$ cat upload.cif   # mmCIF, C-alpha atoms
data_final
loop_
_atom_site.label_atom_id
_atom_site.label_comp_id
_atom_site.auth_asym_id
_atom_site.auth_seq_id
_atom_site.Cartn_x
_atom_site.Cartn_y
_atom_site.Cartn_z
CA MET A 273 135.02 -121.77 126.92
CA SER A 274 137.26 -121.75 129.97
CA VAL A 275 136.96 -118.77 132.25
CA ASP A 276 140.08 -119.72 134.12
CA SER A 277 142.46 -117.99 131.77
CA CYS A 278 142.64 -114.35 130.75
CA HIS A 279 142.02 -115.41 127.17
CA GLY A 280 138.84 -117.24 128.15
CA ALA A 281 137.69 -114.32 130.27
CA GLU A 282 138.26 -111.81 127.46
CA HIS A 283 135.73 -113.55 125.22
CA LEU A 284 133.13 -113.69 127.96
CA ILE A 285 133.30 -110.04 129.06
CA GLN A 286 130.84 -108.83 126.40
CA PRO A 287 128.19 -111.52 127.04
CA TYR A 288 128.83 -110.97 130.75
CA LEU A 289 127.94 -107.29 130.35
CA ASP A 290 124.94 -108.31 128.23
CA ARG A 291 123.73 -110.61 131.04
CA ALA A 292 123.74 -113.46 128.55
CA LEU A 293 125.83 -115.96 130.55
CA THR A 294 124.69 -118.83 132.72
CA GLU A 295 124.90 -118.47 136.50
CA ALA A 296 127.85 -120.86 136.57
CA GLU A 297 129.75 -118.81 133.97
CA VAL A 298 128.99 -115.59 135.83
CA ALA A 299 130.32 -117.09 139.07
CA ARG A 300 133.55 -118.16 137.37
CA ILE A 301 134.08 -114.80 135.70
CA ASP A 302 133.50 -113.09 139.04
CA VAL A 303 136.22 -115.22 140.60
CA HIS A 304 138.62 -114.50 137.75
CA LEU A 305 138.00 -110.74 137.89
CA ARG A 306 138.62 -110.70 141.63
CA GLU A 307 141.93 -112.46 141.16
CA CYS A 308 143.21 -110.78 138.01
CA ASP A 309 143.94 -107.05 137.86
CA TYR A 310 144.77 -107.24 134.15
CA CYS A 311 141.27 -108.46 133.28
CA ASN A 312 139.51 -106.43 135.95
CA ASP A 313 140.96 -103.12 134.67
CA ARG A 314 139.77 -104.00 131.20
CA TYR A 315 136.38 -105.13 132.44
CA ILE A 316 135.85 -101.81 134.26
CA PHE A 317 136.82 -99.94 131.10
CA GLU A 318 134.40 -101.99 128.97
CA ARG A 319 131.58 -101.41 131.46
CA ARG A 320 132.24 -97.68 131.50
CA LEU A 321 132.40 -97.59 127.69
CA ARG A 322 128.92 -99.16 127.53
CA GLU A 323 127.58 -96.48 129.84
CA VAL A 324 129.18 -93.73 127.78
CA VAL A 325 127.75 -95.14 124.52
CA ARG A 326 124.31 -95.49 126.04
CA ASP A 327 124.33 -92.03 127.61
CA CYS A 328 125.57 -90.36 124.45
CA CYS A 329 123.21 -92.17 122.11
CA THR A 330 119.98 -92.00 124.08
CA GLY A 331 120.36 -88.45 125.33
CA GLU A 332 118.56 -86.56 122.61
CA PRO A 333 114.81 -86.48 123.29
CA ALA A 334 112.28 -86.57 120.48
CA PRO A 335 111.38 -83.10 119.17
CA ALA A 336 108.51 -81.16 120.75
CA GLY A 337 105.06 -82.33 119.69
CA PHE A 338 106.42 -85.59 118.32
CA VAL A 339 103.85 -87.94 119.85
CA ASP A 340 100.99 -85.52 119.10
CA ARG A 341 102.00 -85.46 115.43
CA LEU A 342 102.08 -89.27 115.37
CA ARG A 343 98.63 -89.40 116.94
CA LEU A 344 97.30 -86.92 114.40
CA ARG A 345 98.80 -88.61 111.35
CA CYS A 346 98.60 -92.29 112.25
CA CYS A 347 95.63 -92.94 114.52
CA GLY A 348 92.09 -93.76 113.44
CA GLN A 349 92.88 -94.73 109.85
CA ASP A 350 91.03 -97.50 108.06
CA ASP A 351 91.93 -101.10 108.74
CA VAL A 352 93.52 -103.17 106.04
CA ALA A 353 92.28 -106.71 106.26
CA MET B 225 92.42 -107.60 122.73
CA ALA B 226 88.99 -108.83 123.78
CA SER B 227 85.94 -106.68 123.20
CA GLU B 228 82.77 -107.25 125.11
CA PRO B 229 80.39 -109.50 123.17
CA ASP B 230 77.70 -106.91 123.75
CA SER B 231 75.53 -107.30 120.69
CA SER B 232 74.87 -109.20 117.52
CA SER B 233 74.35 -106.04 115.49
CA PRO B 234 77.14 -105.20 113.02
CA GLY B 235 77.16 -101.56 114.14
CA ALA B 236 77.95 -102.51 117.73
CA ALA B 237 80.66 -104.94 116.63
CA GLN B 238 82.22 -102.20 114.53
CA ALA B 239 82.16 -99.77 117.42
CA ALA B 240 83.80 -102.37 119.67
CA ALA B 241 86.53 -102.96 117.07
CA ALA B 242 87.14 -99.22 116.81
CA ARG B 243 87.48 -99.03 120.61
CA ASP B 244 89.93 -101.95 120.58
CA ARG B 245 91.94 -100.29 117.89
CA ALA B 246 92.00 -96.94 119.67
CA ARG B 247 93.18 -98.68 122.84
CA PHE B 248 95.86 -100.50 120.86
CA GLU B 249 96.98 -97.23 119.28
CA GLU B 250 97.45 -95.55 122.64
CA GLU B 251 99.30 -98.56 124.02
CA ALA B 252 101.60 -98.62 120.98
CA LEU B 253 102.26 -94.88 121.20
CA GLN B 254 103.78 -95.42 124.67
CA HIS B 255 106.80 -96.82 122.81
CA ALA B 256 107.21 -93.81 120.49
CA GLU B 257 110.12 -92.18 122.35
CA HIS B 258 111.97 -95.49 122.63
CA LEU B 259 111.52 -96.13 118.90
CA TYR B 260 112.60 -92.57 118.12
CA ARG B 261 115.93 -93.05 119.93
CA ILE B 262 116.58 -96.20 117.92
CA ALA B 263 115.45 -94.54 114.68
CA LEU B 264 117.74 -91.58 115.30
CA ARG B 265 120.74 -93.90 115.58
CA LEU B 266 119.66 -95.90 112.53
CA THR B 267 119.10 -92.91 110.28
CA GLY B 268 121.34 -90.22 111.76
CA SER B 269 118.95 -87.29 111.38
CA PRO B 270 116.02 -86.12 113.55
CA GLN B 271 113.74 -85.47 110.56
CA THR B 272 114.40 -88.85 108.93
CA ALA B 273 113.99 -90.52 112.32
CA GLU B 274 110.59 -88.89 112.83
CA ASP B 275 109.52 -89.90 109.32
CA LEU B 276 110.64 -93.47 110.00
CA VAL B 277 108.71 -93.67 113.28
CA GLN B 278 105.65 -92.23 111.56
CA GLU B 279 105.87 -94.81 108.78
CA THR B 280 106.26 -97.46 111.48
CA TYR B 281 103.05 -96.43 113.25
CA LEU B 282 101.12 -96.17 109.98
CA ARG B 283 102.13 -99.75 109.16
CA ALA B 284 101.59 -100.96 112.72
CA PHE B 285 98.09 -99.52 112.97
CA ARG B 286 97.10 -100.92 109.60
CA ALA B 287 98.30 -104.34 110.72
CA TRP B 288 97.17 -104.05 114.34
CA ARG B 289 95.08 -107.21 114.17
CA SER B 290 98.19 -109.28 113.48
CA TYR B 291 99.72 -108.30 116.84
CA SER B 292 99.06 -111.02 119.38
CA HIS B 293 98.14 -109.44 122.65
CA GLY B 294 100.50 -110.15 125.52
CA THR B 295 103.60 -110.57 123.34
CA ASN B 296 106.43 -108.01 123.34
CA LEU B 297 104.89 -104.92 121.76
CA ALA B 298 108.17 -102.96 121.70
CA ALA B 299 109.85 -105.78 119.75
CA TRP B 300 106.84 -106.07 117.40
CA LEU B 301 107.02 -102.34 116.64
CA ALA B 302 110.81 -102.45 116.28
CA THR B 303 110.45 -105.27 113.73
CA ILE B 304 108.11 -103.13 111.66
CA MET B 305 110.45 -100.16 111.98
CA ARG B 306 113.43 -102.20 110.90
CA ASN B 307 111.57 -103.43 107.82
CA ALA B 308 110.45 -99.90 106.99
CA ASN B 309 114.04 -98.70 107.30
CA MET B 310 115.33 -101.48 105.03
CA ASP B 311 112.61 -100.66 102.46
CA GLU B 312 113.69 -97.02 102.53
CA LEU B 313 117.38 -97.92 102.16
CA ARG B 314 116.50 -100.21 99.26
CA ARG B 315 114.37 -97.49 97.69
CA GLN B 316 117.33 -95.14 97.80
CA SER B 317 119.46 -98.12 96.70
CA ARG B 318 122.02 -97.19 99.27
CA ARG B 319 123.78 -100.50 99.85
CA PRO B 320 125.02 -101.03 103.35
CA PRO B 321 128.84 -100.92 103.13
CA SER B 322 130.40 -104.36 103.33
CA GLU B 323 132.10 -105.61 106.43
CA PRO B 324 135.78 -105.01 107.02
CA LEU B 325 137.46 -108.18 108.18
CA ASP B 326 140.28 -107.83 110.62
CA GLU B 327 140.62 -109.79 113.80
CA GLN B 328 141.10 -107.64 116.85
CA SER B 329 141.10 -108.13 120.55
CA ASP B 330 137.93 -107.45 122.54
CA TYR B 331 140.07 -105.00 124.48
CA TYR B 332 141.11 -103.18 121.30
CA LEU B 333 140.27 -99.67 122.44
CA TYR B 334 141.69 -100.11 125.92
CA ASN B 335 144.93 -101.58 124.62
CA ARG B 336 145.32 -99.01 121.90
CA LEU B 337 144.79 -96.16 124.34
CA ALA B 338 147.22 -97.82 126.74
CA ASP B 339 149.83 -97.97 123.95
CA THR B 340 149.48 -94.28 123.26
CA GLY B 341 149.73 -93.81 127.00
CA ARG B 342 149.33 -90.06 127.10
CA GLU B 343 146.32 -89.99 129.41
CA PRO B 344 144.30 -92.46 131.46
CA GLN B 345 141.65 -94.37 129.51
CA GLU B 346 138.90 -93.06 131.76
CA ARG B 347 139.77 -89.47 130.81
CA VAL B 348 139.73 -90.35 127.13
CA LEU B 349 136.22 -91.78 127.54
CA ALA B 350 135.04 -88.62 129.26
CA ARG B 351 136.51 -86.57 126.43
CA LEU B 352 134.80 -88.70 123.79
CA SER B 353 131.38 -88.27 125.38
CA GLY B 354 128.79 -86.55 123.31
CA SER B 355 129.12 -86.04 119.59
CA GLY B 356 132.26 -88.21 119.32
CA VAL B 357 130.40 -91.38 120.25
CA VAL B 358 127.43 -90.53 118.03
CA GLU B 359 129.80 -89.85 115.13
CA ALA B 360 131.69 -93.09 115.76
CA LEU B 361 128.48 -95.13 115.86
CA SER B 362 127.18 -93.58 112.65
CA ALA B 363 130.40 -94.66 110.93
CA VAL B 364 129.70 -98.35 111.69
CA PRO B 365 128.25 -100.13 108.59
CA GLU B 366 124.48 -100.56 108.64
CA ASN B 367 124.26 -104.33 109.19
CA PHE B 368 126.45 -104.11 112.30
CA ARG B 369 125.14 -100.78 113.51
CA GLU B 370 121.52 -101.93 113.67
CA VAL B 371 122.42 -104.77 116.06
CA VAL B 372 124.50 -102.46 118.27
CA VAL B 373 121.68 -99.90 118.27
CA LEU B 374 119.01 -102.46 119.20
CA VAL B 375 121.02 -104.05 122.03
CA ASP B 376 123.19 -101.21 123.37
CA VAL B 377 120.88 -98.25 122.79
CA GLY B 378 117.45 -99.91 122.58
CA ASP B 379 118.08 -102.36 125.43
CA PHE B 380 116.68 -105.32 123.51
CA SER B 381 117.88 -108.83 124.42
CA TYR B 382 119.78 -111.02 121.94
CA ALA B 383 116.54 -112.97 121.42
CA ASP B 384 114.48 -109.83 120.73
CA ALA B 385 117.12 -108.51 118.33
CA ALA B 386 117.14 -111.87 116.52
CA GLU B 387 113.37 -111.70 116.12
CA ILE B 388 113.40 -108.06 115.00
CA LEU B 389 116.11 -108.63 112.41
CA GLY B 390 114.90 -112.08 111.35
CA ILE B 391 118.31 -113.65 111.92
CA PRO B 392 119.56 -116.41 114.27
CA ILE B 393 120.80 -115.47 117.75
CA GLY B 394 124.29 -116.62 116.81
CA THR B 395 124.31 -114.06 113.99
CA VAL B 396 123.13 -111.35 116.39
CA MET B 397 126.06 -112.19 118.65
CA SER B 398 128.67 -112.21 115.90
CA ARG B 399 127.39 -108.96 114.38
CA LEU B 400 127.23 -107.37 117.79
CA TYR B 401 130.80 -108.45 118.40
CA ARG B 402 132.01 -107.02 115.10
CA GLY B 403 129.88 -103.89 115.41
CA ARG B 404 131.22 -103.06 118.85
CA ARG B 405 134.76 -103.66 117.67
CA LEU B 406 134.27 -101.33 114.69
CA LEU B 407 132.83 -98.74 117.07
CA LYS B 408 135.93 -99.02 119.24
CA GLN B 409 138.25 -98.64 116.25
CA ARG B 410 136.48 -95.45 115.24
CA LEU B 411 136.55 -94.17 118.83
CA ALA B 412 140.27 -94.86 119.01
CA GLU B 413 140.83 -92.85 115.82
CA LEU B 414 138.76 -89.98 117.17
CA ALA B 415 140.60 -90.07 120.50
CA GLU B 416 143.93 -89.88 118.72
CA GLN B 417 142.87 -87.03 116.42
CA ASP B 418 141.55 -85.15 119.43
CA GLY B 419 144.57 -85.88 121.55
CA ALA B 420 146.94 -84.79 118.81
CA ALA B 421 145.09 -81.53 118.20
#
$ encode --input "upload.cif" --output "structure tokens"
Amino acid sequence: MSVDSCHGAEHLIQPYLDRALTEAEVARIDVHLRECDYCNDRYIFERRLREVVRDCCTGEPAPAGFVDRLRLRCCGQDDVA
Amino acid sequence: MASEPDSSSPGAAQAAAARDRARFEEEALQHAEHLYRIALRLTGSPQTAEDLVQETYLRAFRAWRSYSHGTNLAAWLATIMRNANMDELRRQSRRPPSEPLDEQSDYYLYNRLADTGREPQERVLARLSGSGVVEALSAVPENFREVVVLVDVGDFSYADAAEILGIPIGTVMSRLYRGRRLLKQRLAELAEQDGAA
């Protein structure tokens, strides 16, 4: 897909954020984002949204004693061949 | 996991196997918190998440010999957890809701917030932080949510997620795409409810 248009860039923003693009694609997206405020504003928003989702959804730690309970209940059982 | 070939006696071999297994168990337990975070987003409740992780470790330790040392242990455990979760969903015969099918822009949330135009998008995101995002994610249908959870919360690559879910990478990408879009639609609804209140 072409990265030279806003339409092409739009479809590559998610894989770009996922680090799933080739180096050549990344370089072309970088150029487009430098030159295009429309896409760059949206890219910054998408990046921030990822951070917000990650922060919100990984924030709650496991309850106290969680790993100890696992150790107690799951370790040292018989093997099943 | 190699044990020292210290003896030909069955007792010594058994003791070596027990040591290998104990070492494996401790290594696997290093991933417990990571699995818990994923489980919490898959199930939606701390108690169910803990039960799911426990079931995962019971299965993993029973099958520990089938893990090939040096491969991605987190992904191996996540695969077991995913299967355990699907078994539980099937047992409760809760069908994952089917996919809604409307084509939307990748910039859906941004554009929709821009249309409303009452406050900058960045402020809306800050306002949505916390329970809003969790609520929005839990509203995404299971088959899309699990991909979003593995990649966006669990930090697994497309390839790991494909292995864990037993689906092709292309399917991971399309479900991820849809799942994130559904998440944005729900976030937009929440932002508008909040903003109107």
$ interface_residues --input "upload.cif" --of "chain A" --to "chain B" --cutoff "10 Å" --atoms "only C-alpha atoms" --output "ChimeraX atom specification"
/A:279,282-287,290-292,311,313-318,320-335,338-343,345-353
$ atom_distance --input "upload.cif" --atom1 "atom CA of Phe368 of chain B" --atom2 "atom CA of Leu414 of chain B"
19.4 Å
$ resolve_selection --input "upload.cif" --expression "the PyMOL selection byres ((chain B and resi 309) around 9)" --output "list in words"
Ala263, Leu266, Thr267, Leu276, Thr280, Ile304, Met305, Arg306, Asn307, Ala308, Met310, Asp311, Glu312, Leu313 and Arg314 of chain B
$ atom_distance --input "upload.cif" --atom1 "atom CA of Ala296 of chain A" --atom2 "atom CA of Pro392 of chain B"
24.2 Å
$ resolve_selection --input "upload.cif" --expression "the PyMOL selection byres ((chain A and resi 300-306) around 9)" --output "list in words"
Val275, Asp276, Ser277, Cys278, Ala281, Leu284, Ile285, Tyr288, Glu295, Ala296, Glu297, Val298, Ala299, Glu307, Cys308, Asp309, Tyr310, Cys311, Asn312, Asp313 and Tyr315 of chain A
$ atom_distance --input "upload.cif" --atom1 "atom CA of Leu406 of chain B" --atom2 "atom CA of Asp384 of chain B"
22.4 Å
$ build_atoms --input "upload.cif" --residues "segment 399-410 of chain B" --atoms "all heavy atoms" --output "mmCIF file, in the frame of the given file"
data_model
loop_
_atom_site.group_PDB
_atom_site.id
_atom_site.type_symbol
_atom_site.label_atom_id
_atom_site.label_comp_id
_atom_site.auth_asym_id
_atom_site.auth_seq_id
_atom_site.Cartn_x
_atom_site.Cartn_y
_atom_site.Cartn_z
ATOM 1 N N ARG B 399 127.452 -110.336 114.901
ATOM 2 C CA ARG B 399 127.390 -108.960 114.380
ATOM 3 C C ARG B 399 127.580 -107.928 115.475
ATOM 4 O O ARG B 399 128.181 -106.869 115.272
ATOM 5 C CB ARG B 399 126.038 -108.700 113.700
ATOM 6 C CG ARG B 399 125.926 -109.380 112.370
ATOM 7 C CD ARG B 399 124.735 -108.870 111.604
ATOM 8 N NE ARG B 399 124.445 -109.741 110.489
ATOM 9 C CZ ARG B 399 123.367 -109.637 109.731
ATOM 10 N NH1 ARG B 399 122.468 -108.700 109.991
ATOM 11 N NH2 ARG B 399 123.188 -110.456 108.734
ATOM 12 N N LEU B 400 127.064 -108.247 116.644
ATOM 13 C CA LEU B 400 127.230 -107.370 117.790
ATOM 14 C C LEU B 400 128.714 -107.242 118.127
ATOM 15 O O LEU B 400 129.240 -106.154 118.376
ATOM 16 C CB LEU B 400 126.468 -107.975 118.967
ATOM 17 C CG LEU B 400 126.186 -107.141 120.196
ATOM 18 C CD1 LEU B 400 125.469 -105.853 119.835
ATOM 19 C CD2 LEU B 400 125.350 -107.953 121.176
ATOM 20 N N TYR B 401 129.372 -108.387 118.099
ATOM 21 C CA TYR B 401 130.800 -108.450 118.400
ATOM 22 C C TYR B 401 131.587 -107.598 117.418
ATOM 23 O O TYR B 401 132.390 -106.749 117.792
ATOM 24 C CB TYR B 401 131.209 -109.925 118.339
ATOM 25 C CG TYR B 401 132.688 -110.186 118.463
ATOM 26 C CD1 TYR B 401 133.307 -110.181 119.697
ATOM 27 C CD2 TYR B 401 133.451 -110.454 117.324
ATOM 28 C CE1 TYR B 401 134.668 -110.431 119.808
ATOM 29 C CE2 TYR B 401 134.802 -110.715 117.420
ATOM 30 C CZ TYR B 401 135.413 -110.696 118.670
ATOM 31 O OH TYR B 401 136.746 -110.934 118.771
ATOM 32 N N ARG B 402 131.308 -107.802 116.131
ATOM 33 C CA ARG B 402 132.010 -107.020 115.100
ATOM 34 C C ARG B 402 131.646 -105.548 115.182
ATOM 35 O O ARG B 402 132.497 -104.674 115.043
ATOM 36 C CB ARG B 402 131.646 -107.536 113.703
ATOM 37 C CG ARG B 402 132.356 -108.785 113.324
ATOM 38 C CD ARG B 402 133.055 -108.595 111.972
ATOM 39 N NE ARG B 402 133.838 -109.767 111.650
ATOM 40 C CZ ARG B 402 133.395 -110.766 110.888
ATOM 41 N NH1 ARG B 402 132.195 -110.717 110.365
ATOM 42 N NH2 ARG B 402 134.156 -111.807 110.638
ATOM 43 N N GLY B 403 130.345 -105.276 115.378
ATOM 44 C CA GLY B 403 129.880 -103.890 115.410
ATOM 45 C C GLY B 403 130.525 -103.104 116.541
ATOM 46 O O GLY B 403 130.956 -101.966 116.363
ATOM 47 N N ARG B 404 130.592 -103.748 117.715
ATOM 48 C CA ARG B 404 131.220 -103.060 118.850
ATOM 49 C C ARG B 404 132.700 -102.846 118.606
ATOM 50 O O ARG B 404 133.266 -101.820 118.989
ATOM 51 C CB ARG B 404 131.028 -103.889 120.120
ATOM 52 C CG ARG B 404 129.626 -103.790 120.687
ATOM 53 C CD ARG B 404 129.447 -104.825 121.756
ATOM 54 N NE ARG B 404 128.160 -104.715 122.424
ATOM 55 C CZ ARG B 404 127.625 -105.703 123.138
ATOM 56 N NH1 ARG B 404 128.250 -106.844 123.269
ATOM 57 N NH2 ARG B 404 126.458 -105.529 123.719
ATOM 58 N N ARG B 405 133.334 -103.799 117.935
ATOM 59 C CA ARG B 405 134.760 -103.660 117.670
ATOM 60 C C ARG B 405 135.012 -102.515 116.673
ATOM 61 O O ARG B 405 135.943 -101.734 116.818
ATOM 62 C CB ARG B 405 135.307 -104.972 117.127
ATOM 63 C CG ARG B 405 136.728 -105.235 117.553
ATOM 64 C CD ARG B 405 137.189 -106.562 117.052
ATOM 65 N NE ARG B 405 136.899 -106.669 115.644
ATOM 66 C CZ ARG B 405 136.644 -107.815 115.026
ATOM 67 N NH1 ARG B 405 136.644 -108.934 115.698
ATOM 68 N NH2 ARG B 405 136.405 -107.830 113.744
ATOM 69 N N LEU B 406 134.141 -102.424 115.659
ATOM 70 C CA LEU B 406 134.270 -101.330 114.690
ATOM 71 C C LEU B 406 134.049 -99.983 115.377
ATOM 72 O O LEU B 406 134.729 -98.994 115.080
ATOM 73 C CB LEU B 406 133.265 -101.512 113.552
ATOM 74 C CG LEU B 406 133.557 -102.701 112.627
ATOM 75 C CD1 LEU B 406 132.346 -103.014 111.756
ATOM 76 C CD2 LEU B 406 134.774 -102.387 111.753
ATOM 77 N N LEU B 407 133.089 -99.959 116.300
ATOM 78 C CA LEU B 407 132.830 -98.740 117.070
ATOM 79 C C LEU B 407 134.078 -98.332 117.850
ATOM 80 O O LEU B 407 134.460 -97.157 117.883
ATOM 81 C CB LEU B 407 131.650 -98.977 118.014
ATOM 82 C CG LEU B 407 131.277 -97.843 118.977
ATOM 83 C CD1 LEU B 407 130.786 -96.624 118.208
ATOM 84 C CD2 LEU B 407 130.193 -98.299 119.954
ATOM 85 N N LYS B 408 134.725 -99.312 118.450
ATOM 86 C CA LYS B 408 135.930 -99.020 119.240
ATOM 87 C C LYS B 408 137.071 -98.527 118.352
ATOM 88 O O LYS B 408 137.826 -97.646 118.749
ATOM 89 C CB LYS B 408 136.388 -100.274 119.988
ATOM 90 C CG LYS B 408 135.486 -100.619 121.145
ATOM 91 C CD LYS B 408 135.930 -101.921 121.761
ATOM 92 C CE LYS B 408 134.903 -102.419 122.753
ATOM 93 N NZ LYS B 408 135.310 -103.713 123.318
ATOM 94 N N GLN B 409 137.193 -99.101 117.161
ATOM 95 C CA GLN B 409 138.250 -98.640 116.250
ATOM 96 C C GLN B 409 138.045 -97.174 115.899
ATOM 97 O O GLN B 409 138.977 -96.381 115.895
ATOM 98 C CB GLN B 409 138.251 -99.483 114.968
ATOM 99 C CG GLN B 409 138.820 -100.876 115.189
ATOM 100 C CD GLN B 409 138.599 -101.790 113.996
ATOM 101 O OE1 GLN B 409 138.026 -101.379 112.992
ATOM 102 N NE2 GLN B 409 139.047 -103.014 114.109
ATOM 103 N N ARG B 410 136.795 -96.837 115.616
ATOM 104 C CA ARG B 410 136.480 -95.450 115.240
ATOM 105 C C ARG B 410 136.717 -94.516 116.432
ATOM 106 O O ARG B 410 137.238 -93.413 116.267
ATOM 107 C CB ARG B 410 135.037 -95.389 114.750
ATOM 108 C CG ARG B 410 134.620 -94.079 114.195
ATOM 109 C CD ARG B 410 135.296 -93.771 112.856
ATOM 110 N NE ARG B 410 135.149 -92.346 112.558
ATOM 111 C CZ ARG B 410 136.146 -91.521 112.285
ATOM 112 N NH1 ARG B 410 137.385 -91.954 112.218
ATOM 113 N NH2 ARG B 410 135.921 -90.249 112.047
#
